[in-house]
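Trainee: Below is the file start.tsv, with TSV, C-alpha atoms and all ligand atoms.
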```
chain	number	residue	atom	x	y	z
A	1	MET	CA	-5.67	-26.33	12.69
A	2	THR	CA	-3.78	-24.98	9.68
A	3	ALA	CA	-0.73	-22.79	10.36
A	4	GLN	CA	-0.90	-19.18	9.25
A	5	VAL	CA	0.06	-17.60	5.95
A	6	THR	CA	1.74	-14.27	6.71
A	7	VAL	CA	1.99	-11.70	3.92
A	8	VAL	CA	4.84	-9.33	4.76
A	9	ASN	CA	3.41	-6.06	3.48
A	10	HIS	CA	6.25	-3.84	4.68
A	11	SER	CA	6.63	-0.93	2.26
A	12	LEU	CA	10.31	-1.63	1.55
A	13	VAL	CA	9.55	-5.26	0.72
A	14	GLN	CA	6.69	-4.27	-1.57
A	15	HIS	CA	8.79	-1.64	-3.35
A	16	LYS	CA	11.68	-4.02	-3.93
A	17	LEU	CA	9.33	-6.76	-5.10
A	18	THR	CA	7.86	-4.40	-7.72
A	19	LEU	CA	11.37	-3.63	-9.00
A	20	MET	CA	12.04	-7.36	-9.23
A	21	ARG	CA	8.84	-7.96	-11.18
A	22	GLN	CA	9.85	-5.50	-13.90
A	23	ALA	CA	11.10	-7.37	-16.96
A	24	ASP	CA	13.90	-4.86	-17.65
A	25	THR	CA	15.52	-5.14	-14.20
A	26	SER	CA	19.11	-6.32	-14.77
A	27	THR	CA	20.54	-9.56	-13.41
A	28	ALA	CA	22.84	-7.68	-11.04
A	29	LYS	CA	20.00	-5.55	-9.70
A	30	PHE	CA	17.66	-8.54	-9.39
A	31	ARG	CA	20.27	-10.44	-7.38
A	32	GLN	CA	20.87	-7.48	-5.09
A	33	LEU	CA	17.12	-6.98	-4.54
A	34	LEU	CA	16.52	-10.64	-3.75
A	35	ARG	CA	19.31	-10.52	-1.17
A	36	GLU	CA	17.85	-7.38	0.40
A	37	VAL	CA	14.32	-8.80	0.43
A	38	GLY	CA	15.67	-12.02	1.96
A	39	MET	CA	17.06	-9.97	4.80
A	40	LEU	CA	13.81	-8.05	5.34
A	41	LEU	CA	11.67	-11.20	5.21
A	42	ALA	CA	13.98	-12.96	7.66
A	43	TYR	CA	13.54	-10.01	10.01
A	44	GLU	CA	9.80	-10.70	10.01
A	45	VAL	CA	10.09	-14.49	10.31
A	46	THR	CA	12.40	-14.22	13.32
A	47	ARG	CA	10.47	-11.52	15.19
A	48	ASP	CA	9.24	-13.99	17.83
A	49	LEU	CA	12.50	-15.82	18.53
A	50	PRO	CA	12.66	-16.32	22.28
A	51	LEU	CA	14.86	-14.00	24.32
A	52	LYS	CA	16.77	-14.60	27.50
A	53	TYR	CA	17.72	-11.81	29.92
A	54	GLU	CA	21.38	-11.43	30.79
A	55	LYS	CA	23.31	-9.11	33.04
A	56	ILE	CA	25.64	-6.89	30.97
A	57	HIS	CA	27.65	-3.71	31.52
A	58	THR	CA	27.14	-0.64	29.39
A	59	PRO	CA	29.88	2.04	29.64
A	60	LEU	CA	27.66	3.69	32.28
A	61	THR	CA	26.04	0.99	34.34
A	62	PRO	CA	25.17	-2.68	34.71
A	63	MET	CA	21.79	-3.69	33.32
A	64	VAL	CA	19.72	-6.75	32.52
A	65	ALA	CA	19.19	-6.90	28.74
A	66	PRO	CA	17.57	-9.28	26.24
A	67	MET	CA	19.62	-11.57	24.02
A	68	LEU	CA	18.60	-14.43	21.74
A	69	ALA	CA	18.24	-17.63	23.75
A	70	PRO	CA	21.41	-19.65	23.03
A	71	ASP	CA	19.53	-22.94	22.67
A	72	LYS	CA	17.42	-21.54	19.81
A	73	LYS	CA	19.66	-22.56	16.94
A	74	MET	CA	18.57	-22.32	13.36
A	75	VAL	CA	19.05	-24.15	10.11
A	76	ILE	CA	18.20	-22.47	6.83
A	77	VAL	CA	17.38	-25.01	4.13
A	78	SER	CA	17.72	-23.59	0.65
A	79	ILE	CA	15.83	-25.28	-2.16
A	80	LEU	CA	18.23	-25.17	-5.11
A	81	ARG	CA	18.88	-23.23	-7.07
A	82	ALA	CA	16.74	-20.14	-6.56
A	83	GLY	CA	16.70	-20.53	-2.76
A	84	GLN	CA	20.33	-19.38	-2.80
A	85	GLY	CA	19.23	-15.86	-3.72
A	86	LEU	CA	17.12	-15.52	-0.56
A	87	LEU	CA	19.66	-17.40	1.57
A	88	ASP	CA	22.43	-14.83	1.07
A	89	GLY	CA	20.39	-12.03	2.67
A	90	ILE	CA	19.15	-14.22	5.50
A	91	LEU	CA	22.69	-15.26	6.42
A	92	GLU	CA	23.70	-11.63	6.71
A	93	LEU	CA	21.08	-11.30	9.42
A	94	ILE	CA	21.63	-14.70	11.07
A	95	PRO	CA	25.32	-15.48	10.38
A	96	SER	CA	25.49	-18.34	12.88
A	97	ALA	CA	22.73	-20.35	11.19
A	98	ARG	CA	23.64	-23.70	9.71
A	99	VAL	CA	22.65	-24.32	6.10
A	100	GLY	CA	21.13	-27.30	4.35
A	101	HIS	CA	20.49	-27.74	0.64
A	102	ILE	CA	17.90	-29.73	-1.25
A	103	GLY	CA	18.04	-29.96	-5.02
A	104	LEU	CA	14.96	-30.83	-6.99
A	105	TYR	CA	14.05	-30.40	-10.58
A	106	ARG	CA	10.58	-30.08	-11.92
A	107	ASP	CA	9.57	-32.61	-14.54
A	108	PRO	CA	8.46	-30.27	-17.36
A	109	ALA	CA	5.50	-32.43	-18.35
A	110	THR	CA	4.07	-33.47	-14.97
A	111	HIS	CA	5.52	-30.66	-12.75
A	112	VAL	CA	6.39	-33.42	-10.25
A	113	ALA	CA	9.46	-32.60	-8.09
A	114	ILE	CA	12.34	-35.06	-8.40
A	115	GLU	CA	15.16	-34.89	-5.81
A	116	TYR	CA	18.77	-34.97	-7.05
A	117	TYR	CA	20.62	-33.65	-3.98
A	118	CYS	CA	20.11	-33.44	-0.22
A	119	LYS	CA	22.60	-32.39	2.44
A	120	LEU	CA	21.30	-31.37	5.85
A	121	PRO	CA	23.22	-30.53	9.06
A	122	GLN	CA	23.56	-33.59	11.31
A	123	ASP	CA	22.12	-31.86	14.37
A	124	ILE	CA	19.02	-30.61	12.55
A	125	HIS	CA	16.83	-32.47	15.07
A	126	GLN	CA	18.03	-29.97	17.72
A	127	ARG	CA	17.32	-26.92	15.57
A	128	ASP	CA	14.51	-24.79	14.19
A	129	VAL	CA	14.34	-24.91	10.42
A	130	LEU	CA	13.50	-22.18	7.94
A	131	VAL	CA	12.99	-23.53	4.42
A	132	VAL	CA	13.51	-20.98	1.66
A	133	ASP	CA	12.42	-20.99	-1.97
A	134	PRO	CA	11.44	-17.75	-3.72
A	135	MET	CA	8.43	-19.16	-5.60
A	136	LEU	CA	5.62	-21.21	-4.08
A	137	ALA	CA	4.13	-22.05	-7.48
A	138	THR	CA	2.62	-25.55	-7.78
A	139	GLY	CA	4.06	-26.20	-4.33
A	140	ASN	CA	5.39	-29.61	-5.41
A	141	SER	CA	9.07	-28.93	-4.69
A	142	SER	CA	8.44	-27.32	-1.31
A	143	VAL	CA	6.02	-30.11	-0.32
A	144	ALA	CA	8.61	-32.76	-1.27
A	145	SER	CA	11.44	-30.87	0.48
A	146	ILE	CA	9.49	-30.52	3.69
A	147	TYR	CA	8.63	-34.23	3.74
A	148	ARG	CA	12.36	-34.89	3.36
A	149	ILE	CA	13.27	-32.53	6.22
A	150	LYS	CA	10.55	-33.98	8.46
A	151	GLU	CA	12.36	-37.34	8.23
A	152	ALA	CA	15.19	-35.67	10.18
A	153	ASN	CA	12.76	-34.54	12.89
A	154	PRO	CA	13.62	-30.83	13.36
A	155	MET	CA	12.31	-28.96	16.39
A	156	SER	CA	10.10	-26.71	14.26
A	157	MET	CA	9.74	-25.61	10.68
A	158	LYS	CA	8.68	-22.47	8.78
A	159	PHE	CA	8.58	-21.82	5.05
A	160	LEU	CA	9.65	-18.54	3.47
A	161	CYS	CA	9.06	-17.48	-0.12
A	162	LEU	CA	8.92	-14.27	-2.09
A	163	LEU	CA	5.77	-14.97	-4.11
A	164	ALA	CA	3.02	-17.53	-3.69
A	165	ALA	CA	0.22	-18.71	-5.96
A	166	PRO	CA	-3.12	-19.69	-4.38
A	167	GLU	CA	-2.75	-23.15	-5.93
A	168	GLY	CA	0.64	-23.59	-4.30
A	169	ILE	CA	-0.60	-22.51	-0.88
A	170	LYS	CA	-3.51	-24.97	-1.13
A	171	ASN	CA	-1.24	-27.85	-2.12
A	172	PHE	CA	1.29	-26.96	0.58
A	173	GLN	CA	-1.32	-26.74	3.33
A	174	GLU	CA	-2.97	-30.02	2.32
A	175	HIS	CA	0.37	-31.77	2.92
A	176	HIS	CA	1.88	-29.63	5.67
A	177	PRO	CA	-0.84	-27.86	7.68
A	178	ASP	CA	1.64	-27.61	10.58
A	179	VAL	CA	4.14	-25.40	8.70
A	180	ALA	CA	3.59	-21.62	8.65
A	181	ILE	CA	4.17	-19.80	5.35
A	182	TYR	CA	5.71	-16.32	5.00
A	183	THR	CA	5.53	-14.52	1.67
A	184	ALA	CA	5.83	-10.99	0.29
A	185	ALA	CA	2.72	-11.41	-1.92
A	186	ILE	CA	0.06	-13.84	-3.09
A	187	ASP	CA	-0.42	-13.49	-6.84
A	188	ASP	CA	-3.43	-14.36	-9.01
A	189	LYS	CA	-2.80	-17.83	-10.41
A	190	LEU	CA	-0.50	-20.25	-12.22
A	191	ASP	CA	-0.30	-20.39	-16.01
A	192	GLN	CA	-0.31	-23.66	-17.96
A	193	TYR	CA	3.48	-23.98	-17.55
A	194	GLY	CA	3.33	-23.65	-13.76
A	195	TYR	CA	4.58	-20.04	-13.69
A	196	ILE	CA	3.11	-17.58	-11.24
A	197	VAL	CA	1.04	-14.80	-12.88
A	198	PRO	CA	1.68	-11.87	-12.85
A	199	GLY	CA	4.82	-13.12	-11.08
A	200	LEU	CA	8.34	-12.18	-12.09
A	201	GLY	CA	9.36	-14.96	-14.47
A	202	ASP	CA	11.88	-17.68	-13.72
A	203	VAL	CA	13.74	-16.63	-10.58
A	204	GLY	CA	16.72	-18.90	-11.24
A	205	ASP	CA	17.20	-17.50	-14.73
A	206	ARG	CA	16.79	-13.92	-13.57
A	207	LEU	CA	19.15	-14.45	-10.62
A	208	TYR	CA	21.92	-16.08	-12.61
A	209	GLY	CA	21.31	-14.63	-16.08
A	210	THR	CA	20.87	-18.05	-17.66
A	211	LYS	CA	18.30	-16.95	-20.22
A	301	LIG	N1	9.48	-20.87	-10.57
A	301	LIG	C1	9.86	-19.66	-11.02
A	301	LIG	O1	11.03	-19.35	-11.06
A	301	LIG	N2	8.89	-18.81	-11.42
A	301	LIG	C2	7.59	-19.12	-11.38
A	301	LIG	O2	6.77	-18.28	-11.74
A	301	LIG	C3	7.22	-20.39	-10.90
A	301	LIG	C4	8.18	-21.24	-10.49
```
Produce C-alpha cells that represent the structure in this file.
Ligand code: URA

Mentor:
Amino acid sequence: MTAQVTVVNHSLVQHKLTLMRQADTSTAKFRQLLREVGMLLAYEVTRDLPLKYEKIHTPLTPMVAPMLAPDKKMVIVSILRAGQGLLDGILELIPSARVGHIGLYRDPATHVAIEYYCKLPQDIHQRDVLVVDPMLATGNSSVASIYRIKEANPMSMKFLCLLAAPEGIKNFQEHHPDVAIYTAAIDDKLDQYGYIVPGLGDVGDRLYGTK
C-alpha cells in the first residue's frame, strides 16, 4: 500500500504560499515566509507524535498531563540548499531535533541528482526522520536522498515539501511507497527545465538572493 500524500490546506499556509509565489516578493520576505510555513507544516506533520502521561503539579493541584514520549526522538534531514529555509522554522518548533544534511546537485541536462555531501547523526537508526526539501519537482533529489537515509535504517521516515508536481509525486512513490508526503500544494506540471508550474521559481535563488 502506498503511503498518503497530505495537502496541508490550512488558511495561513495557503496565504503565505501565495505571497511566496508572487514574483515581486523580496528576498527578506520570502525567507521569513518560508520559515513561518516550515513551522506551520511541521505542526501538521507532528500532530500524531505519541504522548505519554506524567504526573505534574500546577500552581493549584497535581494532575496527570500529556507530554511527548521521550523515546520519540527526531532527526530533520535538510536537502541542501533550499531545505535550509524550511529547516529554520521546524527547529523553532522542535528545538531538540538533530539535523542531517544531504547535498545534491541536479545535472542540468539529465536532471539526475548527484550527491556531493552527506552528514547524518550517528544515532539516526534510533530516531524518526523528517526529510525536508521545498520543491518536489522531478523527485530525483528526494528519491536519491531517501535511498541514502534508508541505508542508515531510521525508525520511520516522512517527507515534507512546500510544493509538489504530479510527476514528482509519481516518481517518489514508485521508489518509496512507504514514505508519506506532506505538502502545502500540488501544482499543475513541470516545464521542460524541471521547474514546477505555476510554482514560485527557484527556491534557492529566491531564499538567498542569488539571481
Ligand atoms: N527547484 C526549484 O527551486 N523550483 C522548481 O520549480 C523546481 C525545482

Trainee: Counting all atoms listed in the file, which residues come within 10 Å of (11.5, -17.0, 8.6), with the point read in the file's coordinates, and could you list them as a list in words?

Mentor: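 Protein, DNA and RNA residues close to (11.5, -17.0, 8.6): Gly38, Met39, Leu40, Leu41, Ala42, Tyr43, Glu44, Val45, Thr46, Arg47, Asp48, Ile76, Ile90, Val129, Leu130, Val131, Val132, Met157, Lys158, Phe159, Leu160, Cys161, Ala180, Ile181, Tyr182 and Thr183 of chain A.
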
Trainee: Using all atoms listed in the file, determine which residues lie at most 12 Å from Ala69 in chain A, disregarding the query and same-chain residues fewer than 4 positions distant; provide the list as a compact mmCIF listing (two decimals) with C-alpha atoms, keeping the file's coordinate frame.

Mentor:
```txt
# COMPACT_ATOMS: atom_id res chain seq x y z
CA ASP A 48 9.24 -13.99 17.83
CA LEU A 49 12.50 -15.82 18.53
CA PRO A 50 12.66 -16.32 22.28
CA LEU A 51 14.86 -14.00 24.32
CA LYS A 52 16.77 -14.60 27.50
CA TYR A 53 17.72 -11.81 29.92
CA GLU A 54 21.38 -11.43 30.79
CA ALA A 65 19.19 -6.90 28.74
CA LYS A 73 19.66 -22.56 16.94
CA MET A 74 18.57 -22.32 13.36
```

Trainee: Hey, can you check how far CA of Leu162 in chain A sits from CA of Ile94 in chain A?

Mentor: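 Straight-line distance from CA of Leu162 in chain A to CA of Ile94 in chain A works out to 18.3 Å.
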
Trainee: Ranking A:Val77, A:Gly194, A:Glu92, A:Val143 by minimum distance to Ala109 in chain A and counting all atoms listed in the file, which one comes first?

Mentor: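 Of A:Val77, A:Gly194, A:Glu92, A:Val143, the one nearest Ala109 in chain A, counting all atoms listed in the file, is A:Gly194.
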
Trainee: Using all atoms listed in the file, tabulate the residues of chain A lying at most 6 Å from any atom of ligand LIG 301 (chain A), each with its closest atom pair and that distance in Å to one decimal, by chain and increasing residue number, as a Markdown table.

Mentor:
```
| residue | atom | partner | partner_atom | distance |
| --- | --- | --- | --- | --- |
| A:Met135 | CA | A:LIG301 | C4 | 5.3 |
| A:Ala137 | CA | A:LIG301 | C3 | 4.9 |
| A:Gly194 | CA | A:LIG301 | C3 | 5.8 |
| A:Tyr195 | CA | A:LIG301 | O2 | 3.4 |
| A:Ile196 | CA | A:LIG301 | O2 | 3.8 |
| A:Gly199 | CA | A:LIG301 | O2 | 5.6 |
| A:Gly201 | CA | A:LIG301 | N2 | 4.9 |
| A:Asp202 | CA | A:LIG301 | O1 | 3.3 |
| A:Val203 | CA | A:LIG301 | O1 | 3.9 |
| A:Gly204 | CA | A:LIG301 | O1 | 5.7 |
```

Trainee: Give the answer as one residue: which of A:Ile124, A:Leu104, A:Leu60, A:Met155 has the shortest atom-to-atom distance to Val179 in chain A, using only C-alpha atoms?

Mentor: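 Answer, going by the shortest atom-to-atom distance: A:Met155.
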
Trainee: From the list A:Gln84, A:Thr58, A:Ser11, A:Gln22, which residue is nearest Arg35 in chain A when using all atoms listed in the file?

Mentor: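 Comparing A:Gln84, A:Thr58, A:Ser11, A:Gln22 against Arg35 in chain A, the winner is A:Gln84.
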
Trainee: Tell me, as a list in words, which residues lie within 9 Å of Phe172 in chain A, counting only C-alpha atoms; anything in the same chain fewer than 3 positions away does not count.

Mentor: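 Near Phe172 in chain A, the qualifying residues are Leu136, Thr138, Gly139, Asn140, Ser142, Val143, Glu167, Gly168, Ile169, His175, His176, Pro177 and Val179 of chain A.
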
Trainee: Complete range 68-90 of chain A at the level of N, CA, C and O atoms, written as a JSON list (two decimals), keeping the file's coordinate frame.

Mentor:
```json
[["chain", "number", "residue", "atom", "x", "y", "z"],
["A", 68, "LEU", "N", 19.22, -13.21, 22.28],
["A", 68, "LEU", "CA", 18.60, -14.43, 21.74],
["A", 68, "LEU", "C", 18.96, -15.61, 22.63],
["A", 68, "LEU", "O", 20.13, -15.75, 23.04],
["A", 69, "ALA", "N", 17.98, -16.45, 22.92],
["A", 69, "ALA", "CA", 18.24, -17.63, 23.75],
["A", 69, "ALA", "C", 19.25, -18.53, 23.04],
["A", 69, "ALA", "O", 19.06, -18.84, 21.86],
["A", 70, "PRO", "N", 20.33, -18.93, 23.73],
["A", 70, "PRO", "CA", 21.41, -19.65, 23.03],
["A", 70, "PRO", "C", 20.99, -21.03, 22.53],
["A", 70, "PRO", "O", 21.59, -21.57, 21.61],
["A", 71, "ASP", "N", 19.93, -21.60, 23.12],
["A", 71, "ASP", "CA", 19.53, -22.94, 22.67],
["A", 71, "ASP", "C", 18.60, -22.87, 21.46],
["A", 71, "ASP", "O", 18.19, -23.89, 20.92],
["A", 72, "LYS", "N", 18.28, -21.66, 20.99],
["A", 72, "LYS", "CA", 17.42, -21.54, 19.81],
["A", 72, "LYS", "C", 18.30, -21.44, 18.57],
["A", 72, "LYS", "O", 18.61, -20.35, 18.09],
["A", 73, "LYS", "N", 18.73, -22.57, 18.08],
["A", 73, "LYS", "CA", 19.66, -22.56, 16.94],
["A", 73, "LYS", "C", 18.88, -22.84, 15.66],
["A", 73, "LYS", "O", 17.95, -23.64, 15.66],
["A", 74, "MET", "N", 19.34, -22.21, 14.60],
["A", 74, "MET", "CA", 18.57, -22.32, 13.36],
["A", 74, "MET", "C", 19.32, -23.03, 12.24],
["A", 74, "MET", "O", 20.54, -22.98, 12.17],
["A", 75, "VAL", "N", 18.54, -23.64, 11.38],
["A", 75, "VAL", "CA", 19.05, -24.15, 10.11],
["A", 75, "VAL", "C", 18.22, -23.49, 9.01],
["A", 75, "VAL", "O", 16.99, -23.47, 9.09],
["A", 76, "ILE", "N", 18.90, -22.95, 8.02],
["A", 76, "ILE", "CA", 18.20, -22.47, 6.83],
["A", 76, "ILE", "C", 18.37, -23.56, 5.77],
["A", 76, "ILE", "O", 19.51, -23.95, 5.49],
["A", 77, "VAL", "N", 17.27, -24.04, 5.22],
["A", 77, "VAL", "CA", 17.38, -25.01, 4.13],
["A", 77, "VAL", "C", 16.98, -24.32, 2.84],
["A", 77, "VAL", "O", 15.85, -23.83, 2.69],
["A", 78, "SER", "N", 17.94, -24.25, 1.93],
["A", 78, "SER", "CA", 17.72, -23.59, 0.65],
["A", 78, "SER", "C", 17.34, -24.64, -0.40],
["A", 78, "SER", "O", 18.04, -25.63, -0.57],
["A", 79, "ILE", "N", 16.23, -24.40, -1.06],
["A", 79, "ILE", "CA", 15.83, -25.28, -2.16],
["A", 79, "ILE", "C", 16.52, -24.76, -3.42],
["A", 79, "ILE", "O", 16.28, -23.61, -3.84],
["A", 80, "LEU", "N", 17.40, -25.58, -3.97],
["A", 80, "LEU", "CA", 18.23, -25.17, -5.11],
["A", 80, "LEU", "C", 17.36, -25.03, -6.37],
["A", 80, "LEU", "O", 16.39, -25.76, -6.51],
["A", 81, "ARG", "N", 17.76, -24.11, -7.28],
["A", 81, "ARG", "CA", 18.88, -23.23, -7.07],
["A", 81, "ARG", "C", 18.46, -21.85, -6.61],
["A", 81, "ARG", "O", 19.25, -21.10, -6.04],
["A", 82, "ALA", "N", 17.16, -21.52, -6.82],
["A", 82, "ALA", "CA", 16.74, -20.14, -6.56],
["A", 82, "ALA", "C", 16.76, -19.78, -5.07],
["A", 82, "ALA", "O", 16.89, -18.61, -4.71],
["A", 83, "GLY", "N", 16.67, -20.79, -4.20],
["A", 83, "GLY", "CA", 16.70, -20.53, -2.76],
["A", 83, "GLY", "C", 17.97, -19.80, -2.35],
["A", 83, "GLY", "O", 17.98, -19.04, -1.38],
["A", 84, "GLN", "N", 19.05, -20.01, -3.12],
["A", 84, "GLN", "CA", 20.33, -19.38, -2.80],
["A", 84, "GLN", "C", 20.24, -17.84, -2.79],
["A", 84, "GLN", "O", 20.93, -17.18, -2.03],
["A", 85, "GLY", "N", 19.37, -17.32, -3.63],
["A", 85, "GLY", "CA", 19.23, -15.86, -3.72],
["A", 85, "GLY", "C", 18.65, -15.26, -2.45],
["A", 85, "GLY", "O", 19.05, -14.18, -2.02],
["A", 86, "LEU", "N", 17.71, -15.99, -1.84],
["A", 86, "LEU", "CA", 17.12, -15.52, -0.56],
["A", 86, "LEU", "C", 18.08, -15.81, 0.59],
["A", 86, "LEU", "O", 18.22, -15.02, 1.52],
["A", 87, "LEU", "N", 18.76, -16.95, 0.49],
["A", 87, "LEU", "CA", 19.66, -17.40, 1.57],
["A", 87, "LEU", "C", 20.73, -16.36, 1.88],
["A", 87, "LEU", "O", 21.02, -16.10, 3.05],
["A", 88, "ASP", "N", 21.31, -15.77, 0.86],
["A", 88, "ASP", "CA", 22.43, -14.83, 1.07],
["A", 88, "ASP", "C", 22.03, -13.69, 2.02],
["A", 88, "ASP", "O", 22.78, -13.35, 2.92],
["A", 89, "GLY", "N", 20.85, -13.13, 1.81],
["A", 89, "GLY", "CA", 20.39, -12.03, 2.67],
["A", 89, "GLY", "C", 20.10, -12.52, 4.08],
["A", 89, "GLY", "O", 20.40, -11.83, 5.06],
["A", 90, "ILE", "N", 19.52, -13.69, 4.18],
["A", 90, "ILE", "CA", 19.15, -14.22, 5.50],
["A", 90, "ILE", "C", 20.41, -14.47, 6.34],
["A", 90, "ILE", "O", 20.45, -14.18, 7.53]]
```
